[in-house]
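Here the structure is laid out as structure tokens; the discussion comes afterwards.
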Amino acid sequence: MPLQDEATEEVVIIVKAVPQPSKRYGETVCCAGVTRHGQWRRLYPIRFRRLKDNTFVRWQWIRCRTARRSTDQRAESRRVSEDSIQPLGSIKASERPGFVQPLVRGSVAAAVHDGLSLTLIRPMESQFSWTRRKAAAVDAERVAYQSAAQQQELFDAELAAIEPCPFDFRLRFRDASGWHNH
């Protein structure tokens with residue numbers, strides 16, 4: 001079934017998030033990448049572990065049908081037609097710095113000013129930290145992963161549940177507009 005405002009795009013995948021449990025889709029992954037025209041794309045939902053022969057890795061180009069998401073007004077967000085995903089070639093490691101350099105912004109504020117919710121920032125300073133999560137939070141996430149892994153269609157193979165990470169990670173960084181905490 002065609003999606004509204006559907007387009008076929010080629011996107012190089014730069015970020016693949018950890019699979020997340022979803023009540024609607026089972027287990028999904030959000031990927032971020034850049035089109036051949038230098039436009040960011042947030043591709044969601046992708047049931048990555050159910051793609052069979054159409055899996056892809058970071059720095060690999062994919063061709064897929066996408067459409068604007070009616071529930072997500074961010075300019076980069078697109079719904080993906082999973083059955084249209086075609087893995088293509090990859091960007092060589094030696095070519096990656098030149099590819100991403102035009103995408104780097106001086107600050108989060110510059111990206112927001114340009115209407116972007118995805119960007120690359122080269123921080124002036126950064127601090128990385130982690131804390132151990134509470135056992136109850138890890139256990140609740142484990143149950144959600146188990147439930148998501150069991151959501152399958154008739155001919156799908158059962159997935160192994162993902163073991164949740166016992167740590168929370170924080171990145172504090174300073175760019176041209178100040179300090180940020182993520």
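Simple scheme: letters A, B, ... for chains in structure tokens order, numbers from 1 for residues in each chain, numbers from 1 for ligands in the order shown.
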- Enumerate as a ChimeraX atom specification all residues of region 7-167 of chain A assigned to alpha helix (DSSP H) by DSSP on the backbone, naming them with the chain letters and numbers the document uses. /A:96-100,108-113,135-150
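For Lys16 (chain A), the set of protein, DNA and RNA residues having any atom at most 8 Å away, when counting only C-alpha atoms and skipping those fewer than 3 positions along the same chain, is Ile13, Val29, Cys30, Cys31, Ala32 and Arg58 of chain A.
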So which residues touch region 112-119 of chain A within 9 Å, counting only C-alpha atoms, skipping near sequence neighbours fewer than 4 positions away, as a PDB file with C-alpha atoms, in the first residue's frame?
```
ATOM      1  CA  ALA A  32      19.551   8.231  11.089  1.00  0.00           C
ATOM      2  CA  TRP A  40      19.213  14.205   7.132  1.00  0.00           C
ATOM      3  CA  ARG A  41      16.687  11.391   7.496  1.00  0.00           C
ATOM      4  CA  ARG A  42      15.281   9.807  10.644  1.00  0.00           C
ATOM      5  CA  ARG A  74      10.349  17.058  12.547  1.00  0.00           C
ATOM      6  CA  ALA A  75      11.628  17.841   9.038  1.00  0.00           C
ATOM      7  CA  GLU A  76      13.913  14.803   8.855  1.00  0.00           C
ATOM      8  CA  LEU A 103      27.086  18.215   7.802  1.00  0.00           C
ATOM      9  CA  VAL A 104      28.899  19.508  10.910  1.00  0.00           C
ATOM     10  CA  ARG A 105      27.361  22.551  12.608  1.00  0.00           C
ATOM     11  CA  SER A 107      26.224  24.399  17.714  1.00  0.00           C
ATOM     12  CA  VAL A 108      22.887  22.891  18.611  1.00  0.00           C
TER      13      VAL A 108
END
```
- DSSP-assigned strand (DSSP E or B) among region 14-92 of chain A, expressed as a ChimeraX atom specification: /A:14-16,20-22,26-35,40-46,60-68,77-80,86-90
- Task: Write out as a PyMOL selection string each polymer residue whose atoms come within 10 Å of His180 (chain A), counting only C-alpha atoms; drop sequence neighbours fewer than 4 positions from it.
- Result: chain A and resi 107-108+123+126+171-175
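Counting from CA of Ala176 (chain A), the distance to CA of Val15 (chain A) is 23.6 Å.
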- Gap from CA of Gln39 (chain A) to CA of Val11 (chain A) - Å, one decimal: 8.9 Å
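Distances to Glu6 (chain A) were evaluated for A:Ser129, A:Tyr145, A:Cys64, A:Ala135 using only C-alpha atoms, and the minimum falls at A:Cys64.
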May I have the residues within 9 Å of Ala160 (chain A) as a short mmCIF file (atom, residue, chain, number, x, y, z; two decimals) with N, CA and C atoms, in the first residue's frame, using only C-alpha atoms and disregarding those fewer than 6 positions away in the same chain?
```cif
data_model
loop_
_atom_site.label_atom_id
_atom_site.label_comp_id
_atom_site.auth_asym_id
_atom_site.auth_seq_id
_atom_site.Cartn_x
_atom_site.Cartn_y
_atom_site.Cartn_z
N GLN A 146 11.21 -8.88 26.34
CA GLN A 146 10.70 -10.23 26.17
C GLN A 146 9.34 -10.20 25.48
N ALA A 149 9.81 -9.34 21.77
CA ALA A 149 10.40 -10.45 21.01
C ALA A 149 9.35 -11.51 20.69
N GLN A 150 8.32 -11.61 21.51
CA GLN A 150 7.28 -12.62 21.29
C GLN A 150 6.21 -12.16 20.31
#
```
- Task: Could you jot down the CA of Ser84 (chain A) to CA of Gly38 (chain A) separation for me, Å, one decimal place?
- Result: 21.2 Å
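Distances here use only C-alpha atoms; by that measure, the residue among A:Gln60, A:Pro45, A:Arg122, A:His182 closest to Gln101 (chain A) is A:Arg122.
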- Query: If we count only C-alpha atoms, what is near Ile162 (chain A) at a cut-off of 12 Å, once residues fewer than 6 positions away on the same chain are taken out, given as a PyMOL selection string?
  - Reply: chain A and resi 18-21+27-28+49+138-139+141-150
- Of A:Asp5, A:Val34, A:Arg78, A:Ser94, the one sitting nearest Leu120 (chain A) when using only C-alpha atoms is A:Val34
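The environment of Gln86 (chain A) within 10 Å, counting only C-alpha atoms and disregarding residues fewer than 4 places along the same chain, consists of Glu10, Asp53, Asn54, Thr55, Phe56, Trp61, Ile62, Arg63, Cys64, Arg65 and Glu82 of chain A.
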